[in-house]
Amino acid sequence: MSAEQQPNNPLHGKTLEAILNELVDRYGWETLGSLINIRCFNENPSIKSSLKFLRTTPWARQKVEDLYVRTVTTPKFFRRES
């Protein structure tokens, strides 16, 4: 499918790594771990270890993608204070 066929899909063209980096930048690991309670976000979190887990665990990846969609489509969804 081309970009023209998915104009409203916020996941289109985004890698899992880019999605995870955006969520970590926006929320931080602590809040991300509260929003999605999985060990890779709560115990010694890193992008590398989280990607490894998310790539092999469909239900966890779905939770991350769902949070990302809610984040980018809801104007005032929670934002970490800088």
# chains A, B, ... in the order shown; residues from 1 in each chain; ligands from 1
>>> residues_around(residues="Thr31 (chain A)", least_positions_apart="2", cutoff="12 Å", atoms="only C-alpha atoms", output="PyMOL selection string")
chain A and resi 23-29+33-38+41-42+45+78-81
>>> closest_residue(among="A:Asn8, A:Leu16, A:Ser49, A:Cys40", to="Tyr68 (chain A)", atoms="only C-alpha atoms")
A:Leu16
>>> atom_distance(atom1="CA of Val69 (chain A)", atom2="CA of Pro10 (chain A)")
6.3 Å
>>> closest_residue(among="A:Thr57, A:Gln62, A:Thr74, A:Ser50", to="Asn21 (chain A)", atoms="only C-alpha atoms")
A:Ser50
>>> select_by_dssp(residues="chain A", states="alpha helix (DSSP H)", output="ChimeraX atom specification")
/A:16-35,39-42,47-56,58-73
>>> write_last_selection(atoms="N, CA and C atoms", output="short mmCIF file (atom, residue, chain, number, x, y, z; two decimals), in the first residue's frame")
data_model
loop_
_atom_site.label_atom_id
_atom_site.label_comp_id
_atom_site.auth_asym_id
_atom_site.auth_seq_id
_atom_site.Cartn_x
_atom_site.Cartn_y
_atom_site.Cartn_z
N LEU A 16 9.17 0.40 14.50
CA LEU A 16 8.95 0.17 15.92
C LEU A 16 9.95 0.97 16.75
N GLU A 17 11.18 1.04 16.29
CA GLU A 17 12.20 1.81 17.01
C GLU A 17 11.83 3.29 17.08
N ALA A 18 11.35 3.85 15.99
CA ALA A 18 10.96 5.26 15.99
C ALA A 18 9.77 5.50 16.93
N ILE A 19 8.81 4.59 16.92
CA ILE A 19 7.65 4.70 17.81
C ILE A 19 8.10 4.66 19.26
N LEU A 20 8.95 3.69 19.59
CA LEU A 20 9.42 3.55 20.97
C LEU A 20 10.22 4.78 21.40
N ASN A 21 11.10 5.27 20.54
CA ASN A 21 11.86 6.47 20.88
C ASN A 21 10.96 7.67 21.13
N GLU A 22 9.93 7.84 20.32
CA GLU A 22 8.99 8.95 20.53
C GLU A 22 8.25 8.81 21.86
N LEU A 23 7.83 7.59 22.18
CA LEU A 23 7.11 7.39 23.44
C LEU A 23 8.03 7.63 24.64
N VAL A 24 9.27 7.15 24.57
CA VAL A 24 10.21 7.37 25.67
C VAL A 24 10.52 8.85 25.81
N ASP A 25 10.70 9.56 24.69
CA ASP A 25 10.96 11.00 24.75
C ASP A 25 9.79 11.75 25.35
N ARG A 26 8.60 11.31 25.03
CA ARG A 26 7.40 12.01 25.51
C ARG A 26 7.08 11.69 26.97
N TYR A 27 7.15 10.43 27.34
CA TYR A 27 6.71 10.00 28.67
C TYR A 27 7.84 9.70 29.64
N GLY A 28 8.98 9.25 29.15
CA GLY A 28 10.02 8.75 30.04
C GLY A 28 9.73 7.29 30.36
N TRP A 29 10.77 6.57 30.79
CA TRP A 29 10.61 5.14 31.06
C TRP A 29 9.64 4.87 32.21
N GLU A 30 9.71 5.68 33.27
CA GLU A 30 8.86 5.42 34.44
C GLU A 30 7.37 5.51 34.09
N THR A 31 6.99 6.56 33.41
CA THR A 31 5.58 6.72 33.03
C THR A 31 5.19 5.69 31.99
N LEU A 32 6.07 5.43 31.03
CA LEU A 32 5.77 4.42 30.02
C LEU A 32 5.54 3.06 30.68
N GLY A 33 6.34 2.74 31.69
CA GLY A 33 6.17 1.50 32.43
C GLY A 33 4.87 1.46 33.22
N SER A 34 4.38 2.62 33.63
CA SER A 34 3.08 2.68 34.31
C SER A 34 1.93 2.52 33.33
N LEU A 35 2.09 3.12 32.15
CA LEU A 35 1.04 3.03 31.14
C LEU A 35 0.96 1.65 30.51
N ARG A 39 7.88 -5.75 31.87
CA ARG A 39 9.17 -5.74 32.55
C ARG A 39 10.23 -4.94 31.80
N CYS A 40 10.24 -5.02 30.47
CA CYS A 40 11.30 -4.33 29.72
C CYS A 40 11.21 -2.82 29.85
N PHE A 41 10.08 -2.29 30.33
CA PHE A 41 9.95 -0.86 30.57
C PHE A 41 10.20 -0.51 32.03
N ASN A 42 10.14 -1.49 32.91
CA ASN A 42 10.23 -1.22 34.35
C ASN A 42 11.52 -1.67 35.01
N ILE A 47 16.30 0.93 24.98
CA ILE A 47 15.66 0.79 23.68
C ILE A 47 15.97 -0.59 23.10
N LYS A 48 17.24 -1.00 23.17
CA LYS A 48 17.66 -2.27 22.57
C LYS A 48 16.91 -3.46 23.17
N SER A 49 16.86 -3.55 24.51
CA SER A 49 16.20 -4.70 25.13
C SER A 49 14.69 -4.65 24.90
N SER A 50 14.13 -3.46 24.91
CA SER A 50 12.69 -3.33 24.67
C SER A 50 12.33 -3.74 23.26
N LEU A 51 13.13 -3.32 22.28
CA LEU A 51 12.86 -3.71 20.89
C LEU A 51 12.94 -5.22 20.72
N LYS A 52 13.92 -5.84 21.34
CA LYS A 52 14.06 -7.30 21.24
C LYS A 52 12.80 -7.99 21.76
N PHE A 53 12.30 -7.54 22.90
CA PHE A 53 11.09 -8.12 23.48
C PHE A 53 9.87 -7.83 22.61
N LEU A 54 9.70 -6.58 22.21
CA LEU A 54 8.51 -6.19 21.45
C LEU A 54 8.44 -6.87 20.09
N ARG A 55 9.57 -7.11 19.48
CA ARG A 55 9.59 -7.75 18.16
C ARG A 55 9.19 -9.22 18.22
N THR A 56 9.30 -9.82 19.39
CA THR A 56 8.96 -11.25 19.53
C THR A 56 7.69 -11.49 20.34
N PRO A 58 3.88 -10.27 20.20
CA PRO A 58 2.84 -9.49 19.50
C PRO A 58 1.90 -8.71 20.41
N TRP A 59 1.47 -9.29 21.54
CA TRP A 59 0.53 -8.57 22.40
C TRP A 59 1.17 -7.31 22.99
N ALA A 60 2.45 -7.37 23.31
CA ALA A 60 3.15 -6.21 23.88
C ALA A 60 3.35 -5.15 22.80
N ARG A 61 3.73 -5.58 21.61
CA ARG A 61 3.89 -4.63 20.51
C ARG A 61 2.57 -3.92 20.22
N GLN A 62 1.47 -4.66 20.28
CA GLN A 62 0.16 -4.06 20.04
C GLN A 62 -0.15 -2.99 21.07
N LYS A 63 0.19 -3.24 22.33
CA LYS A 63 -0.03 -2.24 23.38
C LYS A 63 0.77 -0.97 23.11
N VAL A 64 2.01 -1.13 22.66
CA VAL A 64 2.85 0.03 22.34
C VAL A 64 2.27 0.80 21.16
N GLU A 65 1.87 0.08 20.13
CA GLU A 65 1.29 0.74 18.96
C GLU A 65 -0.02 1.44 19.31
N ASP A 66 -0.85 0.82 20.15
CA ASP A 66 -2.11 1.44 20.57
C ASP A 66 -1.85 2.73 21.36
N LEU A 67 -0.87 2.69 22.26
CA LEU A 67 -0.53 3.90 23.02
C LEU A 67 -0.03 4.99 22.09
N TYR A 68 0.80 4.63 21.12
CA TYR A 68 1.31 5.61 20.17
C TYR A 68 0.16 6.26 19.39
N VAL A 69 -0.77 5.45 18.92
CA VAL A 69 -1.90 5.99 18.16
C VAL A 69 -2.72 6.94 19.04
N ARG A 70 -3.00 6.54 20.28
CA ARG A 70 -3.73 7.43 21.20
C ARG A 70 -2.96 8.72 21.43
N THR A 71 -1.65 8.60 21.55
CA THR A 71 -0.81 9.76 21.82
C THR A 71 -0.85 10.76 20.68
N VAL A 72 -0.71 10.28 19.45
CA VAL A 72 -0.64 11.21 18.32
C VAL A 72 -2.01 11.67 17.83
N THR A 73 -3.07 10.98 18.19
CA THR A 73 -4.40 11.38 17.71
C THR A 73 -5.21 12.13 18.76
#
